[in-house]
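Structure file query19.txt (compact mmCIF, C-alpha atoms) follows.
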# COMPACT_ATOMS: atom_id res chain seq x y z
CA MET A 1190 -50.88 -53.10 71.22
CA GLY A 1191 -50.12 -53.92 74.86
CA LYS A 1192 -51.30 -56.94 76.79
CA THR A 1193 -54.99 -57.69 77.22
CA LEU A 1194 -56.48 -60.23 79.61
CA LEU A 1195 -59.87 -61.59 78.60
CA GLU A 1196 -61.23 -63.52 81.55
CA ASN A 1197 -64.25 -65.48 82.81
CA ALA A 1198 -65.31 -66.63 79.33
CA TRP A 1199 -66.90 -69.92 78.44
CA THR A 1200 -64.66 -71.63 75.91
CA VAL A 1201 -63.47 -74.98 74.55
CA ILE A 1202 -59.97 -76.18 75.36
CA GLY A 1203 -58.80 -79.73 74.73
CA GLY A 1204 -62.25 -80.62 73.47
CA GLN A 1205 -63.94 -79.69 76.74
CA VAL A 1206 -66.17 -76.76 77.66
CA CYS A 1207 -64.69 -74.77 80.51
CA LYS A 1208 -64.45 -71.29 81.94
CA ALA A 1209 -61.08 -69.74 81.22
CA GLY A 1210 -59.18 -66.60 80.33
CA ILE A 1211 -56.50 -65.75 77.81
CA LEU A 1212 -53.71 -63.18 77.95
CA VAL A 1213 -53.04 -61.60 74.57
CA ASP A 1214 -49.62 -60.07 73.98
CA GLY A 1215 -49.43 -58.32 70.63
CA GLU A 1216 -50.29 -60.89 67.94
CA THR A 1217 -50.11 -63.99 70.12
CA ILE A 1218 -51.64 -65.76 73.09
CA GLN A 1219 -49.10 -65.41 75.90
CA ASP A 1220 -50.94 -67.39 78.55
CA ILE A 1221 -54.17 -69.24 79.28
CA VAL A 1222 -55.86 -69.24 82.68
CA LEU A 1223 -57.44 -72.67 82.99
CA PRO A 1224 -60.09 -73.76 85.51
CA GLY A 1225 -58.58 -74.08 88.97
CA GLN A 1226 -55.80 -71.62 88.22
CA GLN A 1227 -55.64 -68.18 89.77
CA ALA A 1228 -56.18 -65.29 87.37
CA ASP A 1229 -54.56 -63.06 90.00
CA ALA A 1230 -51.14 -64.35 88.95
CA VAL A 1231 -51.73 -63.25 85.36
CA ARG A 1232 -53.76 -60.07 85.90
CA PRO A 1233 -50.78 -57.89 86.91
CA MET A 1234 -49.14 -58.70 83.59
CA ALA A 1235 -52.04 -57.17 81.64
CA ASP A 1236 -52.31 -53.56 80.54
CA SER A 1237 -56.09 -53.97 80.29
CA THR A 1238 -58.65 -56.52 81.41
CA VAL A 1239 -61.95 -57.49 79.79
CA ASP A 1240 -64.50 -59.37 81.88
CA LEU A 1241 -66.41 -61.77 79.61
CA GLU A 1242 -68.69 -63.21 82.27
CA GLY A 1243 -71.58 -64.96 80.51
CA LYS A 1244 -69.94 -64.74 77.07
CA TRP A 1245 -68.23 -67.34 74.90
CA LEU A 1246 -64.70 -67.03 73.53
CA LEU A 1247 -63.96 -69.52 70.75
CA PRO A 1248 -61.03 -69.95 68.35
CA GLY A 1249 -61.45 -68.03 65.12
CA VAL A 1250 -63.05 -70.10 62.37
CA ILE A 1251 -60.78 -71.32 59.56
CA ASP A 1252 -63.00 -71.53 56.48
CA ASP A 1253 -61.39 -73.82 53.92
CA HIS A 1254 -63.82 -72.94 51.12
CA VAL A 1255 -64.80 -69.42 50.03
CA HIS A 1256 -65.33 -67.63 46.72
CA PHE A 1257 -64.43 -63.96 47.09
CA ARG A 1258 -64.95 -63.25 43.33
CA ASP A 1259 -61.84 -61.09 43.11
CA PRO A 1260 -60.53 -60.40 40.47
CA GLY A 1261 -62.99 -60.03 37.62
CA LEU A 1262 -66.34 -60.43 39.38
CA THR A 1263 -66.04 -57.56 41.80
CA HIS A 1264 -69.51 -56.17 41.09
CA LYS A 1265 -70.81 -58.75 43.59
CA ALA A 1266 -67.88 -59.34 45.95
CA THR A 1267 -64.28 -58.35 46.60
CA ILE A 1268 -61.55 -59.62 48.84
CA GLU A 1269 -62.07 -56.52 50.96
CA SER A 1270 -65.87 -56.74 51.23
CA GLU A 1271 -65.98 -60.45 51.96
CA SER A 1272 -63.20 -60.23 54.52
CA LEU A 1273 -65.56 -57.92 56.42
CA ALA A 1274 -68.32 -60.52 56.10
CA ALA A 1275 -65.91 -63.13 57.43
CA ALA A 1276 -64.95 -61.04 60.44
CA ALA A 1277 -68.61 -60.29 61.19
CA GLY A 1278 -69.20 -64.04 61.33
CA GLY A 1279 -66.28 -64.93 63.61
CA VAL A 1280 -64.16 -66.23 60.72
CA THR A 1281 -60.49 -65.22 61.05
CA THR A 1282 -58.91 -67.23 58.20
CA VAL A 1283 -60.18 -68.00 54.71
CA PHE A 1284 -58.96 -70.16 51.83
CA ASP A 1285 -60.21 -68.68 48.56
CA MET A 1286 -61.10 -70.63 45.41
CA PRO A 1287 -59.68 -70.06 41.91
CA ASN A 1288 -62.78 -69.70 39.70
CA CYS A 1289 -62.62 -65.94 39.21
CA LYS A 1290 -61.54 -63.90 36.14
CA PRO A 1291 -58.80 -64.56 35.24
CA GLN A 1292 -58.85 -67.97 36.86
CA THR A 1293 -56.14 -68.66 39.41
CA THR A 1294 -54.36 -71.33 37.39
CA THR A 1295 -50.87 -69.77 37.22
CA LEU A 1296 -48.35 -68.77 39.85
CA GLN A 1297 -48.59 -65.16 38.68
CA ALA A 1298 -52.37 -65.09 39.17
CA LEU A 1299 -51.81 -66.62 42.60
CA GLN A 1300 -49.26 -63.94 43.51
CA ASP A 1301 -51.65 -61.21 42.35
CA LYS A 1302 -54.26 -62.50 44.81
CA PHE A 1303 -51.79 -62.57 47.68
CA GLU A 1304 -50.85 -58.96 46.98
CA ASN A 1305 -54.50 -57.92 46.77
CA ALA A 1306 -55.29 -59.59 50.08
CA ALA A 1307 -52.25 -58.09 51.80
CA ALA A 1308 -53.60 -54.65 50.93
CA HIS A 1309 -57.31 -55.21 51.52
CA SER A 1310 -58.24 -58.26 53.64
CA ILE A 1311 -58.82 -57.78 57.36
CA VAL A 1312 -58.70 -61.55 57.94
CA ASN A 1313 -55.94 -64.08 57.35
CA HIS A 1314 -55.88 -65.77 53.98
CA SER A 1315 -54.48 -68.25 51.51
CA PHE A 1316 -55.49 -69.24 48.01
CA TYR A 1317 -55.98 -72.42 45.99
CA LEU A 1318 -54.27 -72.92 42.66
CA GLY A 1319 -56.80 -74.24 40.16
CA ALA A 1320 -55.87 -77.46 38.38
CA THR A 1321 -56.35 -77.79 34.61
CA ASN A 1322 -55.53 -80.49 32.09
CA SER A 1323 -52.32 -78.64 31.24
CA ASN A 1324 -50.84 -76.80 34.24
CA LEU A 1325 -49.09 -79.53 36.20
CA ASP A 1326 -45.87 -77.52 35.92
CA GLN A 1327 -47.51 -74.74 37.98
CA VAL A 1328 -48.59 -77.25 40.64
CA GLU A 1329 -45.04 -78.58 40.88
CA ALA A 1330 -43.56 -75.09 41.23
CA LEU A 1331 -45.82 -73.66 43.94
CA ASP A 1332 -44.66 -72.96 47.49
CA PRO A 1333 -46.19 -75.61 49.82
CA GLU A 1334 -45.58 -73.43 52.89
CA ARG A 1335 -47.68 -70.62 51.42
CA VAL A 1336 -50.44 -72.20 49.30
CA CYS A 1337 -53.33 -73.97 51.04
CA GLY A 1338 -54.18 -76.45 48.28
CA VAL A 1339 -54.95 -77.32 44.68
CA LYS A 1340 -58.59 -77.10 43.56
CA LEU A 1341 -59.75 -79.89 41.26
CA PHE A 1342 -63.05 -79.65 39.41
CA MET A 1343 -64.11 -83.20 38.55
CA GLY A 1344 -67.50 -81.98 37.40
CA SER A 1345 -69.20 -79.21 35.52
CA SER A 1346 -67.24 -75.98 35.80
CA THR A 1347 -66.52 -72.77 33.94
CA GLY A 1348 -63.61 -72.25 31.55
CA ASN A 1349 -60.85 -74.81 31.35
CA MET A 1350 -60.85 -75.91 34.99
CA LEU A 1351 -62.85 -79.08 34.34
CA VAL A 1352 -60.22 -81.81 34.56
CA ASP A 1353 -61.78 -84.73 32.72
CA ASP A 1354 -58.63 -86.64 31.73
CA GLU A 1355 -58.27 -89.48 34.24
CA SER A 1356 -54.55 -89.84 33.53
CA ARG A 1357 -54.08 -86.13 34.35
CA ILE A 1358 -55.97 -86.53 37.62
CA ARG A 1359 -53.82 -89.49 38.59
CA GLU A 1360 -50.68 -87.54 37.70
CA LEU A 1361 -51.88 -84.62 39.81
CA PHE A 1362 -52.53 -86.94 42.74
CA ARG A 1363 -49.04 -88.37 42.46
CA THR A 1364 -47.37 -84.98 42.10
CA SER A 1365 -49.09 -82.58 44.50
CA ARG A 1366 -47.23 -81.90 47.73
CA ILE A 1367 -50.24 -80.14 49.21
CA PRO A 1368 -53.91 -81.11 49.70
CA VAL A 1369 -56.06 -81.52 46.60
CA ALA A 1370 -59.59 -80.23 47.22
CA ALA A 1371 -62.07 -81.75 44.80
CA HIS A 1372 -65.49 -80.67 43.55
CA CYS A 1373 -67.10 -83.98 42.62
CA GLU A 1374 -70.14 -84.04 40.31
CA ASP A 1375 -70.28 -86.14 37.15
CA THR A 1376 -70.83 -83.94 34.11
CA SER A 1377 -72.26 -86.68 31.88
CA VAL A 1378 -74.91 -87.55 34.47
CA ILE A 1379 -75.79 -83.87 34.96
CA ASP A 1380 -76.07 -83.27 31.21
CA ALA A 1381 -78.33 -86.29 30.71
CA ASN A 1382 -80.54 -85.23 33.62
CA MET A 1383 -80.76 -81.68 32.29
CA GLU A 1384 -81.83 -82.87 28.85
CA ARG A 1385 -84.51 -85.11 30.36
CA ILE A 1386 -85.89 -82.48 32.77
CA CYS A 1387 -85.94 -79.77 30.09
CA ALA A 1388 -87.81 -82.09 27.74
CA GLN A 1389 -90.45 -82.56 30.43
CA TYR A 1390 -90.70 -79.08 31.95
CA GLY A 1391 -89.44 -76.58 29.37
CA PRO A 1392 -86.17 -74.84 28.54
CA ASP A 1393 -85.56 -73.39 32.02
CA PRO A 1394 -87.30 -75.62 34.60
CA ASP A 1395 -88.17 -74.42 38.09
CA VAL A 1396 -85.42 -74.61 40.72
CA GLN A 1397 -87.26 -77.45 42.48
CA TYR A 1398 -85.78 -79.74 39.82
CA HIS A 1399 -82.19 -78.71 40.58
CA PRO A 1400 -81.53 -81.70 42.91
CA LEU A 1401 -82.89 -84.04 40.23
CA ILE A 1402 -80.41 -82.63 37.71
CA ARG A 1403 -77.38 -82.37 39.98
CA SER A 1404 -78.48 -85.62 41.50
CA GLU A 1405 -77.29 -88.12 44.07
CA GLU A 1406 -76.05 -90.28 41.19
CA ALA A 1407 -73.96 -87.41 39.79
CA CYS A 1408 -72.33 -86.81 43.17
CA TYR A 1409 -71.73 -90.45 44.04
CA ALA A 1410 -70.30 -91.36 40.64
CA SER A 1411 -67.75 -88.56 40.73
CA THR A 1412 -66.79 -88.91 44.39
CA SER A 1413 -66.29 -92.66 44.10
CA LYS A 1414 -64.17 -92.10 40.98
CA ALA A 1415 -61.98 -89.61 42.82
CA LEU A 1416 -61.39 -92.07 45.64
CA ASP A 1417 -60.65 -94.88 43.18
CA ILE A 1418 -58.04 -92.79 41.38
CA ALA A 1419 -56.52 -91.71 44.69
CA ALA A 1420 -55.95 -95.34 45.71
CA GLY A 1421 -52.31 -96.23 45.36
CA THR A 1422 -51.12 -92.63 45.48
CA ASP A 1423 -49.94 -90.52 48.39
CA VAL A 1424 -52.38 -87.69 47.68
CA ARG A 1425 -53.98 -85.77 50.51
CA LEU A 1426 -57.47 -85.76 48.98
CA HIS A 1427 -60.15 -83.54 50.46
CA VAL A 1428 -63.63 -83.88 48.92
CA LEU A 1429 -65.65 -80.70 49.19
CA HIS A 1430 -69.33 -80.09 49.99
CA ILE A 1431 -70.65 -83.64 50.43
CA SER A 1432 -74.40 -83.43 49.89
CA THR A 1433 -75.73 -87.01 49.98
CA LYS A 1434 -76.13 -89.85 52.43
CA ARG A 1435 -74.79 -92.26 49.83
CA GLU A 1436 -71.48 -90.41 49.41
CA LEU A 1437 -70.83 -90.63 53.14
CA THR A 1438 -70.54 -94.42 52.84
CA LEU A 1439 -67.33 -93.90 50.84
CA PHE A 1440 -65.49 -92.31 53.78
CA GLY A 1441 -64.05 -93.86 56.88
CA LYS A 1442 -65.14 -92.93 60.39
CA GLY A 1443 -62.78 -91.81 63.11
CA PRO A 1444 -60.53 -88.94 64.13
CA LEU A 1445 -58.86 -86.80 61.50
CA SER A 1446 -55.36 -87.90 62.43
CA GLY A 1447 -54.24 -90.73 60.18
CA LYS A 1448 -56.75 -90.00 57.41
CA SER A 1449 -55.39 -89.35 53.92
CA ILE A 1450 -58.87 -88.84 52.43
CA THR A 1451 -61.26 -86.42 54.10
CA CYS A 1452 -64.54 -84.66 53.42
CA GLU A 1453 -66.24 -81.36 54.05
CA CYS A 1454 -69.85 -80.52 54.85
CA CYS A 1455 -71.40 -77.10 54.26
CA PRO A 1456 -74.07 -75.09 56.08
CA ALA A 1457 -76.28 -75.10 52.98
CA HIS A 1458 -76.67 -78.89 53.07
CA LEU A 1459 -76.72 -79.05 56.88
CA TRP A 1460 -79.47 -76.44 57.24
CA PHE A 1461 -81.78 -76.58 54.19
CA THR A 1462 -83.63 -79.40 52.37
CA ASP A 1463 -85.43 -79.70 49.05
CA SER A 1464 -88.67 -78.70 50.79
CA ASP A 1465 -87.18 -75.21 51.21
CA TYR A 1466 -87.11 -74.55 47.44
CA ALA A 1467 -90.82 -73.67 47.61
CA ARG A 1468 -90.09 -70.97 50.20
CA LEU A 1469 -86.65 -69.73 49.20
CA GLY A 1470 -86.44 -70.55 45.51
CA THR A 1471 -83.11 -69.87 43.85
CA ARG A 1472 -81.69 -68.32 47.02
CA ILE A 1473 -80.66 -71.85 47.99
CA LYS A 1474 -79.58 -72.94 44.50
CA CYS A 1475 -76.01 -74.14 44.81
CA ASN A 1476 -73.74 -76.81 43.35
CA PRO A 1477 -74.02 -79.54 44.49
CA ALA A 1478 -77.72 -79.08 45.08
CA VAL A 1479 -79.50 -79.00 48.42
CA LYS A 1480 -81.17 -82.41 48.58
CA THR A 1481 -83.56 -84.42 50.76
CA ALA A 1482 -84.30 -84.34 54.48
CA SER A 1483 -82.82 -87.83 54.69
CA ASP A 1484 -79.58 -86.57 53.18
CA ARG A 1485 -79.50 -83.66 55.62
CA GLU A 1486 -80.03 -85.92 58.62
CA ALA A 1487 -77.21 -88.21 57.47
CA LEU A 1488 -74.89 -85.23 57.01
CA ARG A 1489 -75.75 -83.96 60.47
CA ALA A 1490 -75.02 -87.37 61.96
CA ALA A 1491 -71.68 -87.40 60.12
CA LEU A 1492 -70.61 -84.35 62.12
CA THR A 1493 -70.41 -86.42 65.29
CA ASP A 1494 -69.75 -89.99 64.13
CA GLY A 1495 -66.30 -89.23 62.71
CA THR A 1496 -67.22 -89.27 59.01
CA ALA A 1497 -67.26 -85.52 58.30
CA ASP A 1498 -63.94 -83.82 58.98
CA VAL A 1499 -64.58 -80.10 58.53
CA ILE A 1500 -67.36 -77.60 57.97
CA GLY A 1501 -66.58 -75.07 55.23
CA THR A 1502 -69.04 -72.55 53.87
CA ASP A 1503 -68.65 -72.55 50.07
CA HIS A 1504 -69.49 -68.85 50.51
CA ALA A 1505 -70.42 -67.81 46.96
CA PRO A 1506 -71.94 -64.33 46.53
CA HIS A 1507 -74.17 -63.42 43.58
CA LEU A 1508 -76.43 -60.43 43.09
CA LEU A 1509 -80.09 -61.29 43.55
CA SER A 1510 -80.63 -60.23 39.93
CA GLU A 1511 -78.24 -63.03 38.94
CA LYS A 1512 -80.31 -65.50 40.95
CA GLU A 1513 -83.43 -64.92 38.86
CA GLY A 1514 -84.80 -67.64 36.60
CA GLY A 1515 -84.80 -71.43 36.75
CA VAL A 1516 -82.27 -74.23 36.87
CA LYS A 1517 -80.50 -73.09 33.71
CA SER A 1518 -80.44 -69.32 34.09
CA ALA A 1519 -80.18 -68.68 37.85
CA ALA A 1520 -76.65 -68.52 39.24
CA SER A 1521 -75.62 -71.22 41.70
CA GLY A 1522 -74.18 -70.24 45.06
CA MET A 1523 -75.14 -68.37 48.21
CA PRO A 1524 -73.43 -65.97 50.65
CA VAL A 1525 -73.31 -67.49 54.14
CA LEU A 1526 -70.15 -66.22 55.87
CA PRO A 1527 -71.75 -63.76 58.33
CA TYR A 1528 -74.02 -66.53 59.66
CA SER A 1529 -72.05 -69.75 59.20
CA LEU A 1530 -70.73 -70.05 62.75
CA ILE A 1531 -73.92 -69.01 64.50
CA ALA A 1532 -76.01 -71.30 62.28
CA MET A 1533 -73.85 -74.25 63.28
CA LEU A 1534 -73.97 -73.18 66.93
CA GLU A 1535 -77.75 -73.02 66.60
CA LEU A 1536 -77.60 -76.74 65.84
CA THR A 1537 -76.23 -77.22 69.37
CA ASP A 1538 -79.46 -75.73 70.71
CA MET A 1539 -81.35 -78.25 68.57
CA GLY A 1540 -79.36 -81.14 70.03
CA VAL A 1541 -77.69 -82.01 66.72
CA LEU A 1542 -74.15 -81.53 68.06
CA GLU A 1543 -72.24 -79.93 70.94
CA VAL A 1544 -70.20 -76.73 71.05
CA PRO A 1545 -66.91 -78.71 71.12
CA ASP A 1546 -68.01 -80.38 67.87
CA VAL A 1547 -68.44 -76.98 66.24
CA VAL A 1548 -64.97 -75.91 67.40
CA ARG A 1549 -63.45 -79.17 66.21
CA LEU A 1550 -65.05 -79.02 62.76
CA MET A 1551 -64.70 -75.29 62.06
CA CYS A 1552 -61.49 -74.36 63.89
CA ASN A 1553 -59.30 -77.27 65.00
CA ASN A 1554 -59.70 -79.75 62.14
CA PRO A 1555 -59.15 -77.27 59.29
CA ALA A 1556 -55.89 -76.28 60.99
CA VAL A 1557 -54.81 -79.92 61.32
CA LEU A 1558 -55.96 -81.00 57.86
CA PHE A 1559 -54.06 -78.21 56.08
CA ASN A 1560 -51.18 -78.10 58.60
CA VAL A 1561 -51.84 -74.45 59.41
CA ARG A 1562 -49.07 -72.91 61.47
CA GLN A 1563 -50.07 -71.59 64.92
CA ARG A 1564 -53.78 -71.08 64.28
CA GLY A 1565 -57.05 -72.89 64.90
CA PHE A 1566 -56.59 -73.53 68.64
CA LEU A 1567 -56.48 -71.53 71.84
CA LYS A 1568 -52.90 -72.35 72.84
CA LYS A 1569 -49.92 -70.52 74.28
CA GLY A 1570 -47.76 -69.14 71.51
CA TYR A 1571 -50.51 -69.39 68.90
CA LYS A 1572 -51.83 -66.39 67.01
CA ALA A 1573 -54.56 -64.53 68.88
CA ASP A 1574 -57.36 -65.36 66.44
CA PHE A 1575 -60.67 -65.72 68.25
CA THR A 1576 -64.26 -64.58 68.38
CA ILE A 1577 -66.50 -63.57 71.27
CA LEU A 1578 -70.18 -64.51 71.19
CA SER A 1579 -73.31 -64.19 73.25
CA HIS A 1580 -75.92 -66.88 73.75
CA SER A 1581 -79.36 -65.99 75.04
CA ASP A 1582 -82.84 -67.39 75.47
CA ARG A 1583 -83.98 -64.33 73.54
CA THR A 1584 -83.61 -64.48 69.78
CA TRP A 1585 -82.76 -61.98 67.08
CA THR A 1586 -83.73 -62.17 63.41
CA ALA A 1587 -81.34 -62.15 60.45
CA THR A 1588 -82.26 -59.81 57.60
CA ASP A 1589 -81.04 -59.05 54.10
CA ALA A 1590 -80.32 -55.50 55.23
CA GLY A 1591 -78.06 -56.82 57.97
CA ALA A 1592 -76.02 -59.02 55.63
CA VAL A 1593 -72.47 -57.70 55.47
CA THR A 1594 -71.54 -59.27 52.14
CA LYS A 1595 -71.39 -56.91 49.14
CA CYS A 1596 -74.21 -58.70 47.28
CA GLY A 1597 -76.58 -57.59 50.04
CA TRP A 1598 -78.65 -60.65 50.92
CA THR A 1599 -78.60 -63.89 52.87
CA PRO A 1600 -80.47 -67.21 52.58
CA PHE A 1601 -80.87 -66.97 56.37
CA ALA A 1602 -83.10 -63.87 56.16
CA GLY A 1603 -86.01 -64.35 58.58
CA GLN A 1604 -84.16 -66.97 60.62
CA GLN A 1605 -84.09 -66.44 64.38
CA PHE A 1606 -80.84 -67.11 66.21
CA HIS A 1607 -79.94 -67.46 69.88
CA TRP A 1608 -76.21 -66.91 69.17
CA LYS A 1609 -74.58 -63.67 68.07
CA VAL A 1610 -71.01 -62.70 67.18
CA LEU A 1611 -70.04 -59.71 69.32
CA SER A 1612 -66.42 -59.23 68.29
CA THR A 1613 -63.65 -60.88 66.30
CA TRP A 1614 -59.90 -60.66 66.90
CA VAL A 1615 -57.32 -61.36 64.19
CA ASN A 1616 -53.66 -61.58 65.19
CA GLY A 1617 -54.48 -59.86 68.48
CA HIS A 1618 -56.26 -56.98 66.76
CA ARG A 1619 -59.99 -56.48 67.29
CA VAL A 1620 -61.19 -56.07 63.71
CA PHE A 1621 -64.92 -56.31 64.45
CA ASN A 1622 -66.79 -55.07 67.49
CA ASP A 1623 -70.53 -54.57 67.89
CA GLY A 1624 -71.11 -53.97 64.20
CA VAL A 1625 -68.09 -51.71 63.69
CA PHE A 1626 -64.99 -52.70 61.70
CA ASP A 1627 -61.40 -51.59 62.22
CA THR A 1628 -59.62 -51.87 58.89
CA SER A 1629 -56.42 -50.15 59.99
CA VAL A 1630 -54.59 -53.48 60.31
CA LYS A 1631 -54.78 -56.22 57.68
CA GLY A 1632 -54.81 -59.98 58.07
CA GLN A 1633 -51.78 -62.10 57.31
CA ALA A 1634 -50.91 -64.69 54.70
CA VAL A 1635 -51.24 -68.08 56.40
CA LEU A 1636 -48.17 -70.30 56.63
CA PHE A 1637 -48.27 -74.10 56.55
CA ASN A 1638 -46.03 -76.70 58.20
CA ARG A 1639 -45.06 -78.90 55.25

Now that the file is in, can you turn its structure into structure tokens?
Amino acid sequence: MGKTLLENAWTVIGGQVCKAGILVDGETIQDIVLPGQQADAVRPMADSTVDLEGKWLLPGVIDDHVHFRDPGLTHKATIESESLAAAAGGVTTVFDMPNCKPQTTTLQALQDKFENAAAHSIVNHSFYLGATNSNLDQVEALDPERVCGVKLFMGSSTGNMLVDDESRIRELFRTSRIPVAAHCEDTSVIDANMERICAQYGPDPDVQYHPLIRSEEACYASTSKALDIAAGTDVRLHVLHISTKRELTLFGKGPLSGKSITCECCPAHLWFTDSDYARLGTRIKCNPAVKTASDREALRAALTDGTADVIGTDHAPHLLSEKEGGVKSAASGMPVLPYSLIAMLELTDMGVLEVPDVVRLMCNNPAVLFNVRQRGFLKKGYKADFTILSHSDRTWTATDAGAVTKCGWTPFAGQQFHWKVLSTWVNGHRVFNDGVFDTSVKGQAVLFNR
């Protein structure tokens, strides 16, 4: 692969924006040219040089929460297709969820996914083992250096992955040697709300009622229960897709280091509000539901006040035909990977956060939280996972036709962006460049320091 020097790029190192260069040697970053240092000393070591004047070079995004639908639901997404969507969005590492067919609740199903990804994914990867009421033996036997986490559904879910036995949850918390990532929505509250709304508005009410069914109460009740059960255990609990202002009060503020309980925010809840249902309908139907403008503002504030720890996408492709209907019949979930990074960077133009915040929440903190080995930062000796972007006063418009994901649409269609992903490098290999993919080299299975 030779040595490549990428110089004169705007980047974020040590939490600060600066102009720097990196020397890539094979799969790794051999050297970094920091401000005040002479690139001339490094340039002779390079076989090729790329001048990135005016461009941004950021660490590759580590997305801790994707649904690639493979196996069993491959009519709408595959590991291969969604890895392309990831690369197009500047995402170099993904952690995939277990609610596919068959569900990833055994070590054999987990191994099958690793083998599939080794053959087909152009980005780095790991997979969650799904917890059930009866598979603690599988949790105990997994390899903590290879598996990102255990997924716990504490709310409405498909199949047998709803873990509703409190004693089993406590046992899981005491047993797991790796992070437990929890989906927290209270099923009894959701069911009662659904019965009430259907009695008022018919058997399949309009999607505008989705946040009244999967309500603030449903989220808060389940999240608070998870934290209560976690008390007194050594679990590394990570609560996924926080969607309400009230839930945020359950989490401590401050840097990630030292926290044993953390939370994730998602672009869906950071970008949209319940007023968008009238315009976008079921395109923004997801679980937990997109809620009020007040909730969104609180979530945005949590990105900078030390409450929110990571931004993950909950990328969940469905065909548009599966999104038809109301709150009962329309599928929940939306594909966001190709636009997740640029949507969050767009928030920097709006004054919501700064570019170092985006890097911290989407690159650095996921690496620290999951103890990812040699990824998530621009550092000497780390894997050369990064993305190059442009930022301009001129905007471009996202379209369904331009969505890379197999399902062929995006909730961001019609949105204008100032940021654009130009290329993405995975393990020193440029897998995406100006709309063209190189699939000749595959991503790697992520390793964890545990």

Fewer than 5 positions away in the same chain doesn't count, so skip those; otherwise give me all residues within 10 Å of A:Ala1381, counting only C-alpha atoms, as a PDB file with C-alpha atoms, keeping the file's coordinate frame.
ATOM      1  CA  THR A1376     -70.830 -83.940  34.110  1.00  0.00           C
ATOM      2  CA  ILE A1386     -85.890 -82.480  32.770  1.00  0.00           C
ATOM      3  CA  ILE A1402     -80.410 -82.630  37.710  1.00  0.00           C
TER       4      ILE A1402
END

Need the shell around A:Ile1531: protein/DNA/RNA residues with any atom at most 8 Å away, counting all atoms listed in the file. Skip same-chain ones fewer than 2 positions apart. Format as a PyMOL selection string? chain A and resi 1278+1528-1529+1533-1535+1606+1608-1610

Counting all atoms listed in the file, find residues at most 9 Å from (-68.5, -82.2, 58.3) (file frame) and give them as a ChimeraX atom specification. /A:1430-1431,1452-1455,1459,1488-1489,1491-1493,1495-1501,1550-1551

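With distances restricted to all atoms listed in the file, A:Val1280 is the closest residue to A:Asp1252 from A:Val1280, A:Val1625, A:Ala1407, A:Ala1419.
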
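Proximity ranking of A:Ala1519, A:Ile1268, A:Asn1305, A:Asp1236 relative to A:Asp1214 places A:Asp1236 first, based on all atoms listed in the file.
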
A:Leu1526, A:Ile1218, A:Cys1552, A:Leu1351: which is nearest A:His1372, counting all atoms listed in the file? A:Leu1351

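The list of residues within 10 Å of (-51.5, -74.1, 47.9), counted using all atoms listed in the file, is Phe1284, Leu1299, Ser1315, Phe1316, Tyr1317, Leu1318, Gly1319, Val1328, Leu1331, Asp1332, Pro1333, Glu1334, Arg1335, Val1336, Cys1337, Gly1338, Val1339, Lys1340, Ser1365, Arg1366, Ile1367, Pro1368, Val1369, Phe1559 and Phe1637 of chain A.
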
Give me, as a VMD selection string, all polymer residues having an atom no more than 9 Å from stretch 1195-1197 of chain A, counting only C-alpha atoms and skipping those fewer than 4 positions away in the same chain. chain A and resid 1208 to 1213 1222 1228 1237 to 1244 1246

Could you list, as an NGL selection string, every residue within 8 Å of A:Lys1572, counting only C-alpha atoms and ignoring same-chain residues fewer than 3 positions away? :A and (1216-1218 or 1563-1564 or 1615-1617)

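Non-sequential neighbours of A:Asn1313 (distance at most 7 Å, separation of 3 or more positions within a chain, all atoms listed in the file) are Thr1281, Thr1282, Val1283, Gly1632, Gln1633, Ala1634 and Val1635 of chain A.
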
Any chance you could work out the axis-aligned box around stretch 1339-1342 of chain A, listed atoms only, 3 Å on each side, giving centre and edge lengths in Å to one decimal, as lines of an AutoDock Vina configuration file?
center_x = -59.0
center_y = -78.5
center_z = 42.0
size_x = 14.1
size_y = 8.8
size_z = 11.3

Interface rows for stretch 1483-1549 of chain A against stretch 1461-1465 of chain A: nearest pair, Å to one decimal, 10 Å, only C-alpha atoms, as a Markdown table:
| residue | atom | partner | partner_atom | distance |
| --- | --- | --- | --- | --- |
| A:Ser1483 | CA | A:Thr1462 | CA | 8.8 |
| A:Asp1484 | CA | A:Thr1462 | CA | 8.3 |
| A:Arg1485 | CA | A:Thr1462 | CA | 6.8 |
| A:Glu1486 | CA | A:Thr1462 | CA | 9.7 |

Between atom CA of A:Gly1344 and atom CA of A:Ile1379, distance in Å (one decimal): 8.8 Å

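Atom pair atom CA of A:Arg1639 / atom CA of A:Cys1289 has a distance of 27.1 Å (rounded to one decimal).
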
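Atom CA of A:Thr1200 is found 15.0 Å from atom CA of A:Trp1614.
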
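Minimum distance to A:Ser1270 across A:Leu1536, A:Val1312, A:Ser1446, A:Asp1589 (counting only C-alpha atoms) occurs at A:Val1312.
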